[in-house]
Every structure is written in structure tokens, then in C-alpha cells.
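Enquirer: One file is attached below, target_33.pdb, containing PDB, C-alpha atoms.
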```pdb
MODEL        1
ATOM      1  CA  MET A   1     215.770  76.201 125.093
ATOM      2  CA  ARG A   2     213.743  79.309 125.794
ATOM      3  CA  ASN A   3     210.220  79.685 124.544
ATOM      4  CA  PRO A   4     210.285  81.803 121.354
ATOM      5  CA  ASP A   5     207.117  83.581 122.561
ATOM      6  CA  SER A   6     209.131  85.070 125.408
ATOM      7  CA  LEU A   7     212.217  86.123 123.469
ATOM      8  CA  PRO A   8     212.815  89.893 123.697
ATOM      9  CA  THR A   9     212.974  91.128 120.099
ATOM     10  CA  LYS A  10     212.763  94.587 118.621
ATOM     11  CA  ALA A  11     209.967  95.339 116.201
ATOM     12  CA  ASN A  12     210.763  94.662 112.582
ATOM     13  CA  GLU A  13     214.106  93.010 113.301
ATOM     14  CA  ASP A  14     215.540  89.664 112.224
ATOM     15  CA  THR A  15     217.022  87.286 114.778
ATOM     16  CA  PRO A  16     219.357  84.310 114.207
ATOM     17  CA  GLN A  17     216.911  81.999 115.987
ATOM     18  CA  GLY A  18     214.032  83.202 113.813
ATOM     19  CA  LEU A  19     216.078  82.663 110.658
ATOM     20  CA  ALA A  20     217.048  79.154 111.787
ATOM     21  CA  PHE A  21     213.423  78.271 112.578
ATOM     22  CA  ALA A  22     212.068  79.576 109.254
ATOM     23  CA  MET A  23     214.828  77.993 107.142
ATOM     24  CA  THR A  24     214.313  74.645 108.884
ATOM     25  CA  ALA A  25     210.556  74.744 108.267
ATOM     26  CA  TYR A  26     210.837  75.713 104.597
ATOM     27  CA  ILE A  27     213.481  73.055 103.896
ATOM     28  CA  MET A  28     211.312  70.423 105.585
ATOM     29  CA  TRP A  29     208.366  71.495 103.413
ATOM     30  CA  GLY A  30     210.636  71.343 100.375
ATOM     31  CA  PHE A  31     211.472  67.694 101.060
ATOM     32  CA  LEU A  32     207.880  66.772 102.000
ATOM     33  CA  PRO A  33     206.995  65.521  98.455
ATOM     34  CA  LEU A  34     209.581  62.752  98.844
ATOM     35  CA  TYR A  35     207.747  61.481 101.928
ATOM     36  CA  MET A  36     204.277  61.903 100.429
ATOM     37  CA  LYS A  37     205.339  59.995  97.315
ATOM     38  CA  LEU A  38     205.872  56.946  99.543
ATOM     39  CA  LEU A  39     202.155  57.170 100.365
ATOM     40  CA  ALA A  40     201.016  57.551  96.747
ATOM     41  CA  HIS A  41     199.228  54.184  96.819
ATOM     42  CA  ILE A  42     197.013  55.305  99.724
ATOM     43  CA  PRO A  43     193.928  57.483  99.020
ATOM     44  CA  PRO A  44     194.566  61.178  99.861
ATOM     45  CA  ALA A  45     191.599  61.340 102.265
ATOM     46  CA  GLU A  46     193.067  58.544 104.376
ATOM     47  CA  VAL A  47     196.470  60.235 104.429
ATOM     48  CA  VAL A  48     194.848  63.493 105.599
ATOM     49  CA  VAL A  49     193.039  61.602 108.372
ATOM     50  CA  HIS A  50     196.356  60.320 109.693
ATOM     51  CA  ARG A  51     197.980  63.755 109.331
ATOM     52  CA  ILE A  52     195.275  64.986 111.708
ATOM     53  CA  LEU A  53     195.345  62.052 114.146
ATOM     54  CA  TRP A  54     199.105  61.870 114.615
ATOM     55  CA  SER A  55     199.585  65.651 114.707
ATOM     56  CA  LEU A  56     197.403  65.843 117.818
ATOM     57  CA  PRO A  57     199.791  64.274 120.380
ATOM     58  CA  ILE A  58     202.769  66.227 119.018
ATOM     59  CA  ALA A  59     200.951  69.573 119.124
ATOM     60  CA  ALA A  60     199.530  68.806 122.579
ATOM     61  CA  VAL A  61     202.923  67.882 124.064
ATOM     62  CA  VAL A  62     204.520  71.058 122.668
ATOM     63  CA  LEU A  63     201.742  73.252 124.083
ATOM     64  CA  ILE A  64     201.912  71.603 127.502
ATOM     65  CA  PHE A  65     205.708  71.975 127.504
ATOM     66  CA  LEU A  66     205.366  75.685 126.684
ATOM     67  CA  ARG A  67     202.652  76.039 129.359
ATOM     68  CA  ARG A  68     200.269  77.761 126.968
ATOM     69  CA  THR A  69     197.097  75.737 127.391
ATOM     70  CA  ASP A  70     195.087  78.565 129.003
ATOM     71  CA  ALA A  71     194.441  80.321 125.675
ATOM     72  CA  LEU A  72     193.295  77.034 124.149
ATOM     73  CA  ARG A  73     190.782  76.428 126.941
ATOM     74  CA  GLU A  74     189.461  79.966 126.527
ATOM     75  CA  ALA A  75     189.092  79.449 122.761
ATOM     76  CA  LEU A  76     187.095  76.245 123.303
ATOM     77  CA  ARG A  77     184.698  78.215 125.524
ATOM     78  CA  THR A  78     184.290  81.118 123.055
ATOM     79  CA  PRO A  79     181.729  80.373 120.302
ATOM     80  CA  ARG A  80     182.955  83.128 117.967
ATOM     81  CA  MET A  81     186.581  82.020 118.182
ATOM     82  CA  LEU A  82     185.554  78.392 117.800
ATOM     83  CA  GLY A  83     183.560  79.252 114.675
ATOM     84  CA  MET A  84     186.533  81.065 113.135
ATOM     85  CA  ALA A  85     188.758  78.104 113.964
ATOM     86  CA  CYS A  86     186.290  75.787 112.198
ATOM     87  CA  VAL A  87     186.767  77.855 109.031
ATOM     88  CA  THR A  88     190.583  77.695 109.215
ATOM     89  CA  ALA A  89     190.459  73.969 110.056
ATOM     90  CA  ALA A  90     188.275  73.254 107.019
ATOM     91  CA  LEU A  91     190.548  75.246 104.708
ATOM     92  CA  ILE A  92     193.794  73.654 105.908
ATOM     93  CA  SER A  93     192.356  70.121 105.663
ATOM     94  CA  ILE A  94     191.229  70.747 102.077
ATOM     95  CA  ASN A  95     194.653  72.185 101.274
ATOM     96  CA  TRP A  96     196.344  69.081 102.719
ATOM     97  CA  GLY A  97     194.104  66.800 100.693
ATOM     98  CA  ILE A  98     194.798  68.595  97.409
ATOM     99  CA  TYR A  99     198.539  68.615  98.122
ATOM    100  CA  VAL A 100     198.613  64.880  98.873
ATOM    101  CA  TYR A 101     196.629  64.220  95.690
ATOM    102  CA  ALA A 102     198.994  66.423  93.650
ATOM    103  CA  ILE A 103     202.085  64.515  94.741
ATOM    104  CA  ALA A 104     200.471  61.087  94.379
ATOM    105  CA  SER A 105     199.084  61.821  90.911
ATOM    106  CA  GLY A 106     202.304  63.215  89.425
ATOM    107  CA  ASN A 107     201.361  66.887  89.767
ATOM    108  CA  ALA A 108     204.179  68.108  92.003
ATOM    109  CA  LEU A 109     204.982  70.834  89.450
ATOM    110  CA  ALA A 110     201.407  72.074  89.760
ATOM    111  CA  ALA A 111     201.830  72.121  93.548
ATOM    112  CA  SER A 112     204.979  74.223  93.275
ATOM    113  CA  LEU A 113     203.162  76.583  90.898
ATOM    114  CA  GLY A 114     200.337  76.967  93.403
ATOM    115  CA  TYR A 115     202.668  77.893  96.235
ATOM    116  CA  TYR A 116     204.648  80.251  93.980
ATOM    117  CA  ILE A 117     201.453  82.125  93.117
ATOM    118  CA  ASN A 118     200.198  82.229  96.694
ATOM    119  CA  PRO A 119     202.032  85.407  97.876
ATOM    120  CA  LEU A 120     200.688  87.327  94.892
ATOM    121  CA  PHE A 121     197.191  85.999  95.555
ATOM    122  CA  SER A 122     197.464  87.157  99.179
ATOM    123  CA  VAL A 123     198.310  90.670  97.966
ATOM    124  CA  PHE A 124     195.317  90.508  95.613
ATOM    125  CA  LEU A 125     193.045  89.395  98.478
ATOM    126  CA  ALA A 126     194.279  92.236 100.667
ATOM    127  CA  ALA A 127     193.396  94.712  97.921
ATOM    128  CA  VAL A 128     189.946  93.261  97.199
ATOM    129  CA  LEU A 129     188.784  92.352 100.713
ATOM    130  CA  LEU A 130     190.762  94.691 102.965
ATOM    131  CA  GLY A 131     190.938  97.721 100.699
ATOM    132  CA  GLU A 132     194.737  97.883 100.612
ATOM    133  CA  ARG A 133     196.175  99.846  97.688
ATOM    134  CA  LEU A 134     198.374  98.040  95.185
ATOM    135  CA  SER A 135     201.537  99.612  93.833
ATOM    136  CA  ARG A 136     202.226  99.511  90.099
ATOM    137  CA  ALA A 137     204.896  96.884  90.680
ATOM    138  CA  GLN A 138     202.439  94.700  92.579
ATOM    139  CA  MET A 139     199.798  95.053  89.852
ATOM    140  CA  LEU A 140     202.409  94.098  87.244
ATOM    141  CA  ALA A 141     203.459  91.055  89.286
ATOM    142  CA  ILE A 142     199.849  89.884  89.666
ATOM    143  CA  ALA A 143     199.217  90.399  85.938
ATOM    144  CA  LEU A 144     202.314  88.341  85.065
ATOM    145  CA  ALA A 145     201.217  85.515  87.368
ATOM    146  CA  ALA A 146     197.718  85.535  85.874
ATOM    147  CA  ALA A 147     199.196  85.450  82.356
ATOM    148  CA  ALA A 148     201.372  82.467  83.333
ATOM    149  CA  VAL A 149     198.295  80.569  84.522
ATOM    150  CA  VAL A 150     196.559  81.378  81.223
ATOM    151  CA  VAL A 151     199.558  80.034  79.269
ATOM    152  CA  ILE A 152     199.398  76.722  81.129
ATOM    153  CA  ALA A 153     195.591  76.549  80.820
ATOM    154  CA  VAL A 154     195.622  77.174  77.050
ATOM    155  CA  ASP A 155     198.353  74.586  76.498
ATOM    156  CA  ALA A 156     196.626  71.948  78.624
ATOM    157  CA  GLY A 157     193.148  72.763  77.353
ATOM    158  CA  GLN A 158     191.856  73.039  80.902
ATOM    159  CA  VAL A 159     192.176  75.190  84.008
ATOM    160  CA  PRO A 160     195.184  74.168  86.177
ATOM    161  CA  TRP A 161     192.855  73.426  89.054
ATOM    162  CA  VAL A 162     195.443  71.775  91.321
ATOM    163  CA  ALA A 163     197.650  74.880  91.381
ATOM    164  CA  LEU A 164     194.685  77.246  91.721
ATOM    165  CA  ALA A 165     193.012  75.154  94.432
ATOM    166  CA  LEU A 166     196.215  75.125  96.507
ATOM    167  CA  THR A 167     196.561  78.887  96.029
ATOM    168  CA  LEU A 168     192.947  79.611  96.962
ATOM    169  CA  THR A 169     192.776  77.351 100.022
ATOM    170  CA  TRP A 170     196.116  78.497 101.464
ATOM    171  CA  GLY A 171     195.447  82.151 100.641
ATOM    172  CA  PHE A 172     192.045  82.188 102.370
ATOM    173  CA  TYR A 173     193.484  80.106 105.229
ATOM    174  CA  ALA A 174     196.195  82.703 105.846
ATOM    175  CA  LEU A 175     193.620  85.492 105.671
ATOM    176  CA  ALA A 176     191.274  83.757 108.125
ATOM    177  CA  LYS A 177     194.182  82.842 110.397
ATOM    178  CA  LYS A 178     195.002  86.538 110.837
ATOM    179  CA  SER A 179     191.546  87.066 112.318
ATOM    180  CA  LEU A 180     191.963  84.233 114.823
ATOM    181  CA  PRO A 181     193.017  85.894 118.116
ATOM    182  CA  ILE A 182     195.141  83.032 119.413
ATOM    183  CA  GLY A 183     198.820  82.095 119.261
ATOM    184  CA  PRO A 184     200.092  79.944 116.375
ATOM    185  CA  ASN A 185     200.769  76.835 118.444
ATOM    186  CA  GLN A 186     197.416  77.050 120.223
ATOM    187  CA  GLY A 187     195.673  77.741 116.909
ATOM    188  CA  PHE A 188     197.158  74.669 115.259
ATOM    189  CA  LEU A 189     196.136  72.388 118.139
ATOM    190  CA  LEU A 190     192.663  73.933 118.123
ATOM    191  CA  GLU A 191     192.300  73.174 114.407
ATOM    192  CA  VAL A 192     193.458  69.586 114.899
ATOM    193  CA  LEU A 193     190.981  69.119 117.761
ATOM    194  CA  ILE A 194     188.152  70.389 115.555
ATOM    195  CA  LEU A 195     189.144  68.019 112.746
ATOM    196  CA  LEU A 196     189.553  65.073 115.130
ATOM    197  CA  VAL A 197     185.868  64.054 115.220
ATOM    198  CA  PRO A 198     185.359  63.752 111.423
ATOM    199  CA  ALA A 199     188.814  62.149 111.121
ATOM    200  CA  ILE A 200     187.970  59.417 113.641
ATOM    201  CA  GLY A 201     184.584  58.915 111.980
ATOM    202  CA  TYR A 202     186.163  58.409 108.553
ATOM    203  CA  LEU A 203     188.850  56.119 109.972
ATOM    204  CA  PHE A 204     186.135  53.988 111.606
ATOM    205  CA  PHE A 205     184.395  53.745 108.233
ATOM    206  CA  LEU A 206     187.645  52.613 106.570
ATOM    207  CA  VAL A 207     188.253  49.951 109.222
ATOM    208  CA  VAL A 208     184.679  48.605 109.098
ATOM    209  CA  THR A 209     184.706  48.394 105.287
ATOM    210  CA  GLY A 210     188.182  46.840 105.193
ATOM    211  CA  GLN A 211     189.732  49.753 103.290
ATOM    212  CA  SER A 212     192.132  50.958 105.970
ATOM    213  CA  HIS A 213     195.863  50.813 105.214
ATOM    214  CA  PHE A 214     196.728  51.180 108.899
ATOM    215  CA  SER A 215     197.314  48.024 110.907
ATOM    216  CA  LEU A 216     198.065  47.443 114.572
ATOM    217  CA  SER A 217     200.724  44.974 113.441
ATOM    218  CA  LEU A 218     202.681  48.089 112.402
ATOM    219  CA  THR A 219     203.387  47.385 108.770
ATOM    220  CA  ARG A 220     205.407  49.731 106.555
ATOM    221  CA  ASP A 221     202.229  51.642 105.669
ATOM    222  CA  SER A 222     201.352  51.973 109.353
ATOM    223  CA  TRP A 223     204.714  53.533 110.194
ATOM    224  CA  LEU A 224     204.459  55.895 107.230
ATOM    225  CA  LEU A 225     200.966  56.988 108.243
ATOM    226  CA  MET A 226     202.054  57.593 111.834
ATOM    227  CA  GLY A 227     204.960  59.629 110.508
ATOM    228  CA  CYS A 228     202.445  61.968 108.891
ATOM    229  CA  GLY A 229     202.049  63.580 112.298
ATOM    230  CA  LEU A 230     205.714  64.502 112.449
ATOM    231  CA  VAL A 231     205.964  65.839 108.888
ATOM    232  CA  THR A 232     202.764  67.854 109.398
ATOM    233  CA  ALA A 233     203.016  69.304 112.892
ATOM    234  CA  VAL A 234     206.754  69.858 113.293
ATOM    235  CA  PRO A 235     207.412  72.227 110.338
ATOM    236  CA  LEU A 236     204.169  74.141 110.954
ATOM    237  CA  MET A 237     205.009  74.808 114.592
ATOM    238  CA  ILE A 238     208.659  75.578 113.860
ATOM    239  CA  TYR A 239     207.599  78.073 111.191
ATOM    240  CA  ALA A 240     204.942  79.679 113.401
ATOM    241  CA  ASN A 241     207.525  80.454 116.076
ATOM    242  CA  GLY A 242     210.177  81.560 113.594
ATOM    243  CA  ALA A 243     207.854  83.962 111.775
ATOM    244  CA  LYS A 244     207.476  86.033 114.945
ATOM    245  CA  LEU A 245     211.233  86.562 115.099
ATOM    246  CA  LEU A 246     211.721  87.794 111.520
ATOM    247  CA  ARG A 247     210.826  90.838 109.472
ATOM    248  CA  LEU A 248     207.972  90.514 107.007
ATOM    249  CA  SER A 249     210.350  91.195 104.100
ATOM    250  CA  THR A 250     212.630  88.340 105.210
ATOM    251  CA  ILE A 251     209.697  85.928 105.405
ATOM    252  CA  GLY A 252     208.574  87.163 101.985
ATOM    253  CA  VAL A 253     211.880  86.114 100.432
ATOM    254  CA  LEU A 254     212.339  82.875 102.389
ATOM    255  CA  GLN A 255     208.876  81.572 101.450
ATOM    256  CA  TYR A 256     210.099  80.777  97.931
ATOM    257  CA  ILE A 257     212.484  78.110  99.280
ATOM    258  CA  ALA A 258     209.781  75.433  99.600
ATOM    259  CA  PRO A 259     208.154  75.776  96.140
ATOM    260  CA  THR A 260     211.612  75.977  94.552
ATOM    261  CA  MET A 261     212.620  72.711  96.223
ATOM    262  CA  ILE A 262     209.290  71.120  95.222
ATOM    263  CA  PHE A 263     209.939  72.277  91.645
ATOM    264  CA  LEU A 264     213.426  70.722  91.631
ATOM    265  CA  VAL A 265     212.170  67.471  93.159
ATOM    266  CA  ALA A 266     209.354  67.282  90.579
ATOM    267  CA  VAL A 267     211.692  67.786  87.612
ATOM    268  CA  PHE A 268     214.846  65.934  88.696
ATOM    269  CA  VAL A 269     213.530  63.237  91.061
ATOM    270  CA  PHE A 270     209.960  62.528  89.917
ATOM    271  CA  ASP A 271     210.862  63.245  86.279
ATOM    272  CA  GLU A 272     207.634  65.134  85.599
ATOM    273  CA  PRO A 273     207.369  66.590  82.059
ATOM    274  CA  PHE A 274     208.487  70.207  81.761
ATOM    275  CA  GLY A 275     207.044  71.137  78.385
ATOM    276  CA  ARG A 276     207.099  74.336  76.366
ATOM    277  CA  ALA A 277     204.167  75.940  78.186
ATOM    278  CA  ARG A 278     205.818  75.476  81.574
ATOM    279  CA  MET A 279     209.116  76.745  80.161
ATOM    280  CA  ILE A 280     207.256  79.958  79.370
ATOM    281  CA  ALA A 281     204.998  80.125  82.428
ATOM    282  CA  PHE A 282     207.473  79.410  85.237
ATOM    283  CA  PRO A 283     209.962  82.166  84.206
ATOM    284  CA  MET A 284     206.973  84.532  84.108
ATOM    285  CA  ILE A 285     206.107  83.512  87.678
ATOM    286  CA  TRP A 286     209.721  83.912  88.811
ATOM    287  CA  LEU A 287     209.897  87.392  87.236
ATOM    288  CA  ALA A 288     206.621  88.315  88.934
ATOM    289  CA  LEU A 289     208.004  87.199  92.302
ATOM    290  CA  VAL A 290     211.212  89.208  91.807
ATOM    291  CA  ILE A 291     209.167  92.326  91.010
ATOM    292  CA  TYR A 292     206.885  91.697  93.986
ATOM    293  CA  SER A 293     209.753  91.053  96.425
ATOM    294  CA  VAL A 294     211.745  94.130  95.358
ATOM    295  CA  SER A 295     208.612  96.270  95.663
ATOM    296  CA  MET A 296     207.817  94.885  99.123
ATOM    297  CA  ILE A 297     211.347  95.450 100.412
ATOM    298  CA  ARG A 298     211.369  99.016  99.095
ATOM    299  CA  GLN A 299     208.020  99.756 100.725
ATOM    300  CA  MET A 300     209.218  98.481 104.087
ATOM    301  CA  ARG A 301     212.496 100.419 103.779
ATOM    302  CA  ASP A 302     210.624 103.639 102.934
ATOM    303  CA  ALA A 303     208.215 103.091 105.837
ATOM    304  CA  LYS A 304     211.123 102.559 108.226
ATOM    305  CA  MET A 305     212.864 105.729 107.012
ATOM    306  CA  ALA A 306     209.620 107.687 107.357
TER     307      ALA A 306
ENDMDL
END
```
As C-alpha cells - that is how I would like this structure written.

Expert:
Amino acid sequence: MRNPDSLPTKANEDTPQGLAFAMTAYIMWGFLPLYMKLLAHIPPAEVVVHRILWSLPIAAVVLIFLRRTDALREALRTPRMLGMACVTAALISINWGIYVYAIASGNALAASLGYYINPLFSVFLAAVLLGERLSRAQMLAIALAAAAVVVIAVDAGQVPWVALALTLTWGFYALAKKSLPIGPNQGFLLEVLILLVPAIGYLFFLVVTGQSHFSLSLTRDSWLLMGCGLVTAVPLMIYANGAKLLRLSTIGVLQYIAPTMIFLVAVFVFDEPFGRARMIAFPMIWLALVIYSVSMIRQMRDAKMA
């Protein structure tokens, strides 16, 4: 199979390979709660440690196979790039931890809400931090999403922090990732390498204090924890390569596959309560996303015609 980085594609054009990559990644993310639920009895911090540890060999093998280690070596020798990578590594590890906690604690619906809101939060960040102008449709979509969060908060009597934390960490991660001048595969391995030292330190603490769920005798928990590398690294790297072979508008529509699948799993598999407030809030979010997507597609069509 050819390296996706070397595929000749026209600007702003979808490719069958890109569509296959992106669909595969989003579907894998959609089923991820089922896997994480099997680890619900293990503390989220320990699960994150193993997501880091077992992602490393997978990401390294892929990068060596693609012969793209030069950029990684350059990044490790560049203090500014290394500092930026530390920021993205910290954000993605926090996001992983909150996600694992959400699934384990019966908050998969909150996780789906967070990832539904994320595209609208990214547009908001672009307006506030990058000075991009919002269209009326985009402002309406953001207002609807904010109102939906308020509905859930008022009903619950507290801020839906799980959904908001996932939105904030992933939104700022995506923003910081744009400023990291390195390819997606190299960037992921760089982040894992940065997180490796604290991960090993925490794992050593767990082993010494007898709290580790991982055993060299390869129990069921051990196999599940090792599998965290596959379910973490594989979809991320598949998506990173697919995103380069698709139009932004296509990615914008496809990104709702994962939170929709998480929503369905939460309601029909995990049997999480879907009360009156969520019956009001989720349709508001879905309407906001329809408005946002239609607006984005129109803007890209008008720009192409111009």
C-alpha cells in the first residue's frame, strides 16, 4: 500500500482512500466505549498510562515503515517545537483521562455531548483567538449549543463538566496541533514519547504500592490494558492520514459519526437515562450542527466558485 503522504491529490478534493480512512477511524471511535467499559473497574489514570505505553511501539513501527523518522529527530532537537508538543501532549492525555472516566462512571451520553459540541467550540475559538468572522448561521448554531448546555445544567443543578471538559481539552488540542509544524504520524509519536516518562513513573508507583492491574502472567486485565495501544494509536493514525485526502466540508460532516455512535451505545447498550432535559438539549445540539454544517458547505462552495 502506498504511503498516503505521497498520494497525488488535487486541492480540496475527496478521494476514495481518504473516505475509507476517515470512515474507519470514526467507526472505531464510535465503538471505543464498548472496549473502555471492559476497563471500568480500573482507575482512569492507570488506563491512560497503558494507552500511552502500548501506543508507543505501534506508532514507532508505523513511522519506521513510512520512513518518516527524520522530522521526528529534528523536532526532538528543536526546543520551540518540543515545547509546543508538550502542550498538545498534556491536553490529549487529559482528554483521554476524562473520556475513560466518563465511560467508566456511566457518563457516555455526556461524552457524546462533548464531542457534538466540539466543532462549534472550534469555530468559537477561531473567532476569539484568531479573529475569524462568524456568519449569522454560525452564531445561531453556537447560541443553540450554549442554550442546550444551560438546559442540562439547570436540570442537573450543576455544570455538565464532563461534556465541557472534553470539549475544551479537544478544542484547544486541535488548535495547538495546527501550530505544530510536523506531520500527524510524527506528531503523535512525539506526544507519546513526551508522555512516556511520567507514564513509566506512575506505573512504577502502582507496582511498588501493589495497585497495578497489569501482571506479567497476562491476565484478562493485562491483555485489555495492552489492547489500549491498538484502540488508541490505530484510529488516530488512520484518521490523520485520511484527513489529508478529504475536503474540509467532508470531514466536517463525517465527524458526527463517532458521537452519534457513542450516543446510541450509551442509550441502547449501557442503558443510561435519557430524561426530559436531554430530550430537549440533544435535538437543540443536532439542529445547531445541521445549521453549522450547511453554512460551512455553502461557504466552501462560494469560495470555490469565486

Enquirer: In Å to one decimal, how far is CA of Asn185 in chain A from CA of Leu66 in chain A?

Expert: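 According to the coordinates, CA of Leu66 in chain A and CA of Asn185 in chain A are separated by 9.5 Å.
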
Enquirer: Which residue is closest to Ala25 in chain A? Choose from A:Thr232, A:Met296, A:Thr260, A:Pro283 and count all atoms listed in the file.

Expert: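 Comparing A:Thr232, A:Met296, A:Thr260, A:Pro283 against Ala25 in chain A, the winner is A:Thr232.
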
Enquirer: Excluding range 163-166 of chain A and any residue of its chain fewer than 5 positions from it, enumerate the residues within 6 Å of it, using all atoms listed in the file, and give them as number ranges by chain.

Expert: A: 95, 110-111, 113-114

Enquirer: Given the file shown, enumerate the residues that the PyMOL selection byres ((chain A and resi 54-57) around 8) captures and present them as a list of chain:residue names.

Expert: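 Taken on the displayed file, the PyMOL selection byres ((chain A and resi 54-57) around 8) yields the residues A:His50, A:Arg51, A:Ile52, A:Leu53, A:Ile58, A:Ala59, A:Ala60, A:Val61, A:Leu189, A:Val192, A:Leu193, A:Met226, A:Gly227, A:Cys228, A:Gly229, A:Leu230, A:Thr232, A:Ala233.
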
Enquirer: Residue by residue, what does the PyMOL selection byres ((chain A and resi 203-206) around 12) grab here? Present the result as a ChimeraX atom specification.

Expert: /A:42-43,45-53,196-202,207-215

Enquirer: With all atoms listed in the file as the basis for distance, which of A:Tyr256, A:Tyr173, A:Tyr292, A:Trp223 is at the shortest distance from Val87 in chain A?

Expert: A:Tyr173

Enquirer: Find the residues near range 31-41 of chain A: any atom within 7 Å, counting all atoms listed in the file, skip ones fewer than 2 places away on the same chain, and give them as a list of chain:residue names.

Expert: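 Selected residues are A:Ile27, A:Met28, A:Trp29, A:Pro43, A:Val100, A:Ile103, A:Ala104, A:Ile262.
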
Enquirer: Starting from the PyMOL selection byres ((chain A and resi 117) around 12), expand the selection into actual residues of this file and give them as a PyMOL selection string.

Expert: chain A and resi 110-116+118-124+141-149+163-168+170-171+255-256+259-260+281-282+284-289+292

Enquirer: With all atoms listed in the file as the basis for distance, which of A:Leu245, A:Ile238, A:Arg278, A:Glu272 is at the shortest distance from Phe21 in chain A?

Expert: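 Closest to Phe21 in chain A, using all atoms listed in the file: A:Ile238.
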
Enquirer: Which residues, written as a list in words, have at least one atom at most 7 Å from Ala89 in chain A, with all atoms listed in the file counted and residues fewer than 6 positions away on the same chain left out?

Expert: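 Counting all atoms listed in the file, the residues come to Glu191, Ile194 and Leu195 of chain A.
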
Enquirer: Give me, please, the distance in Å between CA of Gly97 in chain A and CA of Gly18 in chain A, quoted to one decimal.

Expert: 29.0 Å

Enquirer: Each side padded by 8 Å, which centre and which edge lengths in Å (one decimal) define the axis-aligned box around the listed atoms of range 170-188 of chain A? Give them as JSON.

Expert:
```
{"center_x": 196.0, "center_y": 80.9, "center_z": 110.4, "size_x": 25.5, "size_y": 28.4, "size_z": 35.6}
```

Enquirer: When distances are computed from all atoms listed in the file, which of A:Leu82, A:Val269, A:Val253, A:Ala277 shows the smallest separation from Val294 in chain A?

Expert: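 Checking each of A:Leu82, A:Val269, A:Val253, A:Ala277 against Val294 in chain A, counting all atoms listed in the file, the winner is A:Val253.
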
Enquirer: Taking all atoms listed in the file into account, name the residue in A:Ala240, A:Gly183, A:Val234, A:Phe270 that is nearest to Asp70 in chain A.

Expert: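 Among the listed residues, the smallest separation from Asp70 in chain A belongs to A:Gly183.
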
Enquirer: Report, in Å to a single decimal, how far apart CA of Ser295 in chain A and CA of Phe274 in chain A are.

Expert: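 The value is 29.5 Å.
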
Enquirer: Looking at all atoms listed in the file, which of A:Leu109, A:Leu225, A:Ile251, A:Val150 is the one that sits closest to Leu264 in chain A?

Expert: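 Smallest distance to Leu264 in chain A is found for A:Leu109.
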